[in-house]
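Containing TSV, C-alpha atoms: work-v1.tsv.
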chain	number	residue	atom	x	y	z
A	1	MET	CA	-68.22	47.20	33.66
A	2	ARG	CA	-69.19	47.94	30.09
A	3	THR	CA	-72.23	46.11	28.78
A	4	PRO	CA	-72.59	44.69	25.26
A	5	LEU	CA	-74.99	47.54	24.52
A	6	ASN	CA	-72.47	50.18	25.55
A	7	MET	CA	-69.66	48.51	23.64
A	8	LEU	CA	-71.76	48.15	20.49
A	9	ALA	CA	-72.95	51.74	20.75
A	10	THR	CA	-69.33	52.92	20.94
A	11	ARG	CA	-68.30	50.70	18.05
A	12	GLY	CA	-71.29	51.79	16.00
A	13	GLN	CA	-70.58	55.48	16.57
A	14	ALA	CA	-67.00	55.01	15.39
A	15	LEU	CA	-68.16	53.06	12.34
A	16	TRP	CA	-70.81	55.65	11.49
A	17	ARG	CA	-68.13	58.37	11.63
A	18	ARG	CA	-65.84	56.41	9.31
A	19	PHE	CA	-68.67	56.41	6.80
A	20	GLY	CA	-68.82	60.20	7.06
A	21	ARG	CA	-71.92	60.62	9.19
A	22	GLN	CA	-71.84	64.21	10.41
A	23	ASP	CA	-75.48	64.47	11.48
A	24	GLY	CA	-74.76	63.97	15.19
A	25	PRO	CA	-78.03	63.50	17.12
A	26	ALA	CA	-79.86	62.04	14.12
A	27	ALA	CA	-77.17	59.39	13.59
A	28	ASP	CA	-77.09	58.60	17.31
A	29	HIS	CA	-80.87	58.23	17.34
A	30	GLN	CA	-80.79	55.84	14.39
A	31	LEU	CA	-78.07	53.73	16.01
A	32	ALA	CA	-79.92	53.63	19.34
A	33	ALA	CA	-83.13	52.54	17.58
A	34	LEU	CA	-81.24	49.83	15.71
A	35	LEU	CA	-79.61	48.44	18.85
A	36	ALA	CA	-82.93	48.56	20.70
A	37	ARG	CA	-84.43	46.39	17.99
A	38	TRP	CA	-81.71	43.79	18.55
A	39	GLN	CA	-83.00	43.51	22.13
A	40	SER	CA	-86.65	42.97	21.21
A	41	ALA	CA	-88.61	39.78	21.94
A	42	PRO	CA	-88.67	36.90	21.07
A	43	ARG	CA	-84.91	36.90	20.60
A	44	ALA	CA	-82.78	34.43	22.52
A	45	TYR	CA	-79.92	33.81	20.07
A	46	HIS	CA	-80.30	36.67	17.56
A	47	THR	CA	-79.35	39.24	20.19
A	48	LEU	CA	-76.67	41.82	20.87
A	49	SER	CA	-74.38	38.93	21.82
A	50	HIS	CA	-74.68	37.49	18.30
A	51	LEU	CA	-74.00	40.90	16.78
A	52	GLN	CA	-71.03	41.42	19.09
A	53	ASP	CA	-69.60	38.03	18.16
A	54	CYS	CA	-69.97	38.79	14.45
A	55	LEU	CA	-68.23	42.16	14.81
A	56	TRP	CA	-65.44	40.60	16.88
A	57	GLN	CA	-64.78	38.24	13.98
A	58	VAL	CA	-64.74	41.15	11.53
A	59	ALA	CA	-62.02	42.76	13.65
A	60	LEU	CA	-60.16	39.46	13.95
A	61	HIS	CA	-60.18	38.86	10.19
A	62	ALA	CA	-60.03	42.47	8.98
A	63	ALA	CA	-56.90	41.84	6.93
A	64	GLN	CA	-58.71	39.18	4.90
A	65	LEU	CA	-61.71	41.42	4.17
A	66	GLN	CA	-61.67	43.73	1.20
A	67	GLN	CA	-64.09	46.15	2.90
A	68	PRO	CA	-64.20	45.37	6.63
A	69	ASP	CA	-66.23	48.47	7.48
A	70	ALA	CA	-68.84	47.63	4.86
A	71	VAL	CA	-69.09	44.07	6.21
A	72	ALA	CA	-69.46	45.45	9.74
A	73	LEU	CA	-72.18	47.87	8.66
A	74	ALA	CA	-74.14	45.10	6.93
A	75	LEU	CA	-73.83	42.94	10.04
A	76	PHE	CA	-75.21	45.73	12.22
A	77	TYR	CA	-78.40	45.50	10.15
A	78	HIS	CA	-78.56	41.85	9.08
A	79	ASP	CA	-80.93	40.82	11.88
A	80	ALA	CA	-82.41	44.22	12.62
A	81	VAL	CA	-85.79	42.63	12.01
A	82	TYR	CA	-86.08	39.15	13.46
A	83	ASP	CA	-89.36	37.39	14.13
A	84	PRO	CA	-89.52	33.61	13.52
A	85	GLN	CA	-93.21	33.94	12.67
A	86	ARG	CA	-92.60	36.13	9.61
A	87	GLN	CA	-91.02	35.34	6.26
A	88	ASP	CA	-89.61	38.75	5.36
A	89	ASN	CA	-87.03	39.40	8.07
A	90	GLU	CA	-84.11	39.84	5.69
A	91	PRO	CA	-85.94	42.14	3.21
A	92	GLN	CA	-87.19	44.23	6.12
A	93	SER	CA	-83.70	44.40	7.64
A	94	ALA	CA	-82.26	45.44	4.27
A	95	GLN	CA	-84.93	48.13	3.99
A	96	TRP	CA	-84.01	49.42	7.45
A	97	LEU	CA	-80.43	49.88	6.23
A	98	TRP	CA	-81.72	51.77	3.20
A	99	ARG	CA	-83.87	54.11	5.33
A	100	ASP	CA	-80.99	54.98	7.66
A	101	TRP	CA	-78.34	55.45	4.97
A	102	GLN	CA	-80.09	56.56	1.77
A	103	ASP	CA	-78.95	60.14	2.29
A	104	HIS	CA	-75.39	59.19	3.22
A	105	LEU	CA	-74.12	56.43	0.90
A	106	PRO	CA	-74.13	55.99	-2.89
A	107	THR	CA	-76.98	53.92	-4.28
A	108	ASP	CA	-74.68	51.20	-5.60
A	109	THR	CA	-73.07	50.80	-2.17
A	110	LEU	CA	-76.46	50.52	-0.50
A	111	GLN	CA	-77.64	47.98	-3.02
A	112	ARG	CA	-74.54	45.87	-2.47
A	113	LEU	CA	-75.00	45.94	1.31
A	114	GLN	CA	-78.67	45.10	0.93
A	115	GLY	CA	-77.69	42.16	-1.25
A	116	TRP	CA	-75.38	40.88	1.48
A	117	ILE	CA	-78.18	41.08	4.03
A	118	LEU	CA	-80.62	39.31	1.71
A	119	ALA	CA	-78.08	36.53	1.19
A	120	THR	CA	-78.31	35.62	4.88
A	121	ALA	CA	-81.81	34.28	4.23
A	122	THR	CA	-80.58	31.22	2.32
A	123	HIS	CA	-76.76	31.23	2.64
A	124	ASP	CA	-76.65	30.17	-1.01
A	125	PRO	CA	-73.12	31.05	-2.20
A	126	VAL	CA	-73.87	31.15	-5.94
A	127	GLY	CA	-72.94	34.45	-7.56
A	128	LEU	CA	-71.80	36.18	-4.37
A	129	ASP	CA	-68.68	38.33	-4.04
A	130	ASP	CA	-65.85	37.39	-1.68
A	131	ASP	CA	-66.81	39.73	1.17
A	132	CYS	CA	-70.39	38.48	1.08
A	133	LEU	CA	-69.14	34.90	1.37
A	134	ARG	CA	-67.02	35.95	4.34
A	135	LEU	CA	-70.01	37.66	5.95
A	136	LEU	CA	-72.08	34.49	5.54
A	137	ASP	CA	-69.34	32.37	7.11
A	138	ILE	CA	-69.16	34.77	10.04
A	139	ASP	CA	-72.94	34.57	10.46
A	140	LEU	CA	-72.82	30.74	10.55
A	141	SER	CA	-69.64	30.39	12.59
A	142	ILE	CA	-71.70	29.36	15.63
A	143	LEU	CA	-72.22	25.99	13.94
A	144	ALA	CA	-68.50	25.24	14.26
A	145	ARG	CA	-68.07	26.11	17.92
A	146	ASP	CA	-67.30	23.60	20.66
A	147	PRO	CA	-70.16	21.16	21.44
A	148	ASP	CA	-71.25	22.92	24.66
A	149	THR	CA	-71.45	26.32	22.96
A	150	TYR	CA	-73.35	24.78	20.07
A	151	ALA	CA	-75.78	23.04	22.45
A	152	HIS	CA	-76.46	26.39	24.14
A	153	TYR	CA	-77.13	27.93	20.73
A	154	ALA	CA	-79.56	25.10	19.88
A	155	ARG	CA	-81.45	25.73	23.13
A	156	GLN	CA	-81.65	29.44	22.31
A	157	ILE	CA	-83.12	28.69	18.89
A	158	ARG	CA	-85.74	26.49	20.59
A	159	GLN	CA	-86.61	29.43	22.86
A	160	GLU	CA	-87.17	31.64	19.85
A	161	TYR	CA	-89.61	29.06	18.51
A	162	ALA	CA	-91.37	28.50	21.83
A	163	PHE	CA	-94.71	29.05	20.10
A	164	VAL	CA	-94.20	25.84	18.06
A	165	PRO	CA	-95.34	22.56	19.68
A	166	GLU	CA	-92.49	20.16	20.42
A	167	PRO	CA	-93.32	17.51	17.77
A	168	ASP	CA	-93.66	20.17	15.08
A	169	TYR	CA	-90.45	21.87	16.15
A	170	ARG	CA	-88.47	18.64	16.09
A	171	ARG	CA	-89.73	17.83	12.61
A	172	GLY	CA	-89.09	21.32	11.21
A	173	ARG	CA	-85.71	21.78	12.85
A	174	ALA	CA	-84.62	18.33	11.65
A	175	GLN	CA	-85.49	19.32	8.10
A	176	VAL	CA	-83.39	22.48	8.42
A	177	LEU	CA	-80.40	20.54	9.73
A	178	GLN	CA	-80.73	17.87	7.05
A	179	ARG	CA	-80.68	20.53	4.33
A	180	PHE	CA	-77.48	21.95	5.78
A	181	LEU	CA	-75.88	18.51	6.00
A	182	GLN	CA	-76.78	17.78	2.38
A	183	ARG	CA	-74.72	20.74	1.21
A	184	GLU	CA	-71.36	19.99	-0.28
A	185	ARG	CA	-69.86	22.73	1.86
A	186	LEU	CA	-71.15	24.74	4.82
A	187	TYR	CA	-68.44	27.42	4.57
A	188	HIS	CA	-67.20	29.08	1.40
A	189	SER	CA	-64.56	31.69	2.26
A	190	ASP	CA	-60.96	31.94	3.40
A	191	LEU	CA	-62.16	33.01	6.86
A	192	ALA	CA	-63.28	29.49	7.74
A	193	SER	CA	-60.36	27.69	9.33
A	194	PRO	CA	-59.80	24.04	8.33
A	195	HIS	CA	-61.62	22.63	11.35
A	196	TRP	CA	-64.84	24.63	10.89
A	197	GLU	CA	-66.42	22.29	8.36
A	198	GLY	CA	-65.81	19.09	10.30
A	199	GLN	CA	-66.81	20.52	13.68
A	200	ALA	CA	-69.97	22.08	12.27
A	201	ARG	CA	-71.06	18.80	10.70
A	202	GLN	CA	-70.44	16.96	13.96
A	203	ASN	CA	-72.55	19.50	15.85
A	204	LEU	CA	-75.38	19.39	13.33
A	205	GLN	CA	-75.41	15.59	13.32
A	206	GLN	CA	-75.45	15.49	17.12
A	207	GLU	CA	-78.41	17.85	17.31
A	208	LEU	CA	-80.20	15.94	14.54
A	209	ARG	CA	-79.79	12.66	16.41
A	210	GLY	CA	-81.36	14.25	19.48
A	211	LEU	CA	-84.30	15.54	17.46
A	212	LEU	CA	-84.96	12.15	15.87
A	213	ASP	CA	-84.69	10.09	19.09
Let me see the file written as structure tokens.
Amino acid sequence: MRTPLNMLATRGQALWRRFGRQDGPAADHQLAALLARWQSAPRAYHTLSHLQDCLWQVALHAAQLQQPDAVALALFYHDAVYDPQRQDNEPQSAQWLWRDWQDHLPTDTLQRLQGWILATATHDPVGLDDDCLRLLDIDLSILARDPDTYAHYARQIRQEYAFVPEPDYRRGRAQVLQRFLQRERLYHSDLASPHWEGQARQNLQQELRGLLD
């Protein structure tokens, strides 16, 4: 049985080749180091399973993406650095992409991909290109899943913030959910099917009620 790690390694190797990587062992080493980082503590949600889900959606919606391989590459790196106790996860993840690819991709391409990764910090749609909006919707698609899947996701997020006392976590998480619910729209691209918005709002409201009880 193939594990998520094996499947992602195979997919990554194919993607790296499509971007013209001919440096064999060096490319394999970089990919292995990247995937190892996705398995590092204290991750519970931001794991290989999240990456695999994102890449599955890229494949599912490839026809709607202008540059599906570029979106996939950005997603491989978007949570390369994830530590809920630091404030620079996205800049550090974008820098990781730069280090691995600075000798292999044009500067303007790298800057665009870095911009997509940085956008995952706030999910603010203003000024973003279409593929970036699609990437952001993919990243937040968990919010629109069925209630049981969403509840499992919420528990995983709590695990990642296990260092925060319960009263403080409830207060901080509630503020995050309230900011999302105050947005006019949660999803901004043609990838989001009609039911995503309504289901996501129901899930967020249900979690918020539990936090405020």
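Here atom CA of His123 of chain A stands at a distance of 6.4 Å from atom CA of Leu136 of chain A.
Checking A:His188, A:Ala174, A:Gln206, A:Arg37 one by one against Asp148 of chain A, counting all atoms listed in the file, you find the shortest gap at A:Gln206.
The residue that comes closest to Phe180 of chain A, out of A:Leu35, A:Ala162, A:Leu143, A:Leu48 and on the basis of all atoms listed in the file, is A:Leu143.
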Requested in this report: Would you please work out which residue, of A:Arg173, A:Arg11, A:Arg21, A:His78, is nearest to Trp38 of chain A when using all atoms listed in the file?
Outcome: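 Among the listed residues, A:His78 lies closest to Trp38 of chain A.
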Query - Distance in Å - atom CA of Leu73 of chain A versus atom CA of Trp16 of chain A - result: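 One can read the atom CA of Leu73 of chain A to atom CA of Trp16 of chain A distance as 8.4 Å.
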Report task. Excluding Ala41 of chain A and residues on its chain fewer than 4 positions from it, collect all residues at most 12 Å away from it, counting all atoms listed in the file, and give them as a PyMOL selection string. Result -> chain A and resi 36-37+45-47+81-85+159-162
Report summary line: Pairwise distance, atom CA of Asp137 of chain A with atom CA of Leu97 of chain A, equals 20.7 Å
Query raised in the report: Which residue out of A:Trp101, A:Trp56, A:Trp96, A:Phe76 has the minimum interatomic distance to Phe19 of chain A when all atoms listed in the file are used?
Result: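 Selected residue with least distance to Phe19 of chain A: A:Trp101.
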Spatial neighbours of Ala119 of chain A, 12 Å, all atoms listed in the file, chain gap at least 2 places, as a PDB file with C-alpha atoms, keeping the file's coordinate frame:
ATOM      1  CA  ALA A  74     -74.140  45.100   6.930  1.00  0.00           C
ATOM      2  CA  LEU A  75     -73.830  42.940  10.040  1.00  0.00           C
ATOM      3  CA  HIS A  78     -78.560  41.850   9.080  1.00  0.00           C
ATOM      4  CA  ASP A  79     -80.930  40.820  11.880  1.00  0.00           C
ATOM      5  CA  ASN A  89     -87.030  39.400   8.070  1.00  0.00           C
ATOM      6  CA  GLU A  90     -84.110  39.840   5.690  1.00  0.00           C
ATOM      7  CA  PRO A  91     -85.940  42.140   3.210  1.00  0.00           C
ATOM      8  CA  SER A  93     -83.700  44.400   7.640  1.00  0.00           C
ATOM      9  CA  ALA A  94     -82.260  45.440   4.270  1.00  0.00           C
ATOM     10  CA  ARG A 112     -74.540  45.870  -2.470  1.00  0.00           C
ATOM     11  CA  LEU A 113     -75.000  45.940   1.310  1.00  0.00           C
ATOM     12  CA  GLN A 114     -78.670  45.100   0.930  1.00  0.00           C
ATOM     13  CA  GLY A 115     -77.690  42.160  -1.250  1.00  0.00           C
ATOM     14  CA  TRP A 116     -75.380  40.880   1.480  1.00  0.00           C
ATOM     15  CA  ILE A 117     -78.180  41.080   4.030  1.00  0.00           C
ATOM     16  CA  ALA A 121     -81.810  34.280   4.230  1.00  0.00           C
ATOM     17  CA  THR A 122     -80.580  31.220   2.320  1.00  0.00           C
ATOM     18  CA  HIS A 123     -76.760  31.230   2.640  1.00  0.00           C
ATOM     19  CA  ASP A 124     -76.650  30.170  -1.010  1.00  0.00           C
ATOM     20  CA  PRO A 125     -73.120  31.050  -2.200  1.00  0.00           C
ATOM     21  CA  VAL A 126     -73.870  31.150  -5.940  1.00  0.00           C
ATOM     22  CA  GLY A 127     -72.940  34.450  -7.560  1.00  0.00           C
ATOM     23  CA  LEU A 128     -71.800  36.180  -4.370  1.00  0.00           C
ATOM     24  CA  ASP A 129     -68.680  38.330  -4.040  1.00  0.00           C
ATOM     25  CA  ASP A 131     -66.810  39.730   1.170  1.00  0.00           C
ATOM     26  CA  CYS A 132     -70.390  38.480   1.080  1.00  0.00           C
ATOM     27  CA  LEU A 133     -69.140  34.900   1.370  1.00  0.00           C
ATOM     28  CA  ARG A 134     -67.020  35.950   4.340  1.00  0.00           C
ATOM     29  CA  LEU A 135     -70.010  37.660   5.950  1.00  0.00           C
ATOM     30  CA  LEU A 136     -72.080  34.490   5.540  1.00  0.00           C
ATOM     31  CA  ASP A 137     -69.340  32.370   7.110  1.00  0.00           C
ATOM     32  CA  ASP A 139     -72.940  34.570  10.460  1.00  0.00           C
TER      33      ASP A 139
END
May I have the residues within 6 Å of Gln199 of chain A as a JSON list (two decimals) with C-alpha atoms, in the coordinates of the input, using only C-alpha atoms and disregarding those fewer than 3 positions away in the same chain?
[["chain", "number", "residue", "atom", "x", "y", "z"],
["A", 144, "ALA", "CA", -68.50, 25.24, 14.26],
["A", 196, "TRP", "CA", -64.84, 24.63, 10.89],
["A", 202, "GLN", "CA", -70.44, 16.96, 13.96]]
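Closest to Ala151 of chain A among A:Leu118, A:Leu208, A:Leu181, A:Leu55 is A:Leu208, based on all atoms listed in the file.
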Query raised in the report: Which is closer to Met7 of chain A than all the others in A:Glu197, A:Asp53, A:Glu184, A:Asp69, using all atoms listed in the file?
Result: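 Answer, going by the shortest atom-to-atom distance: A:Asp53.
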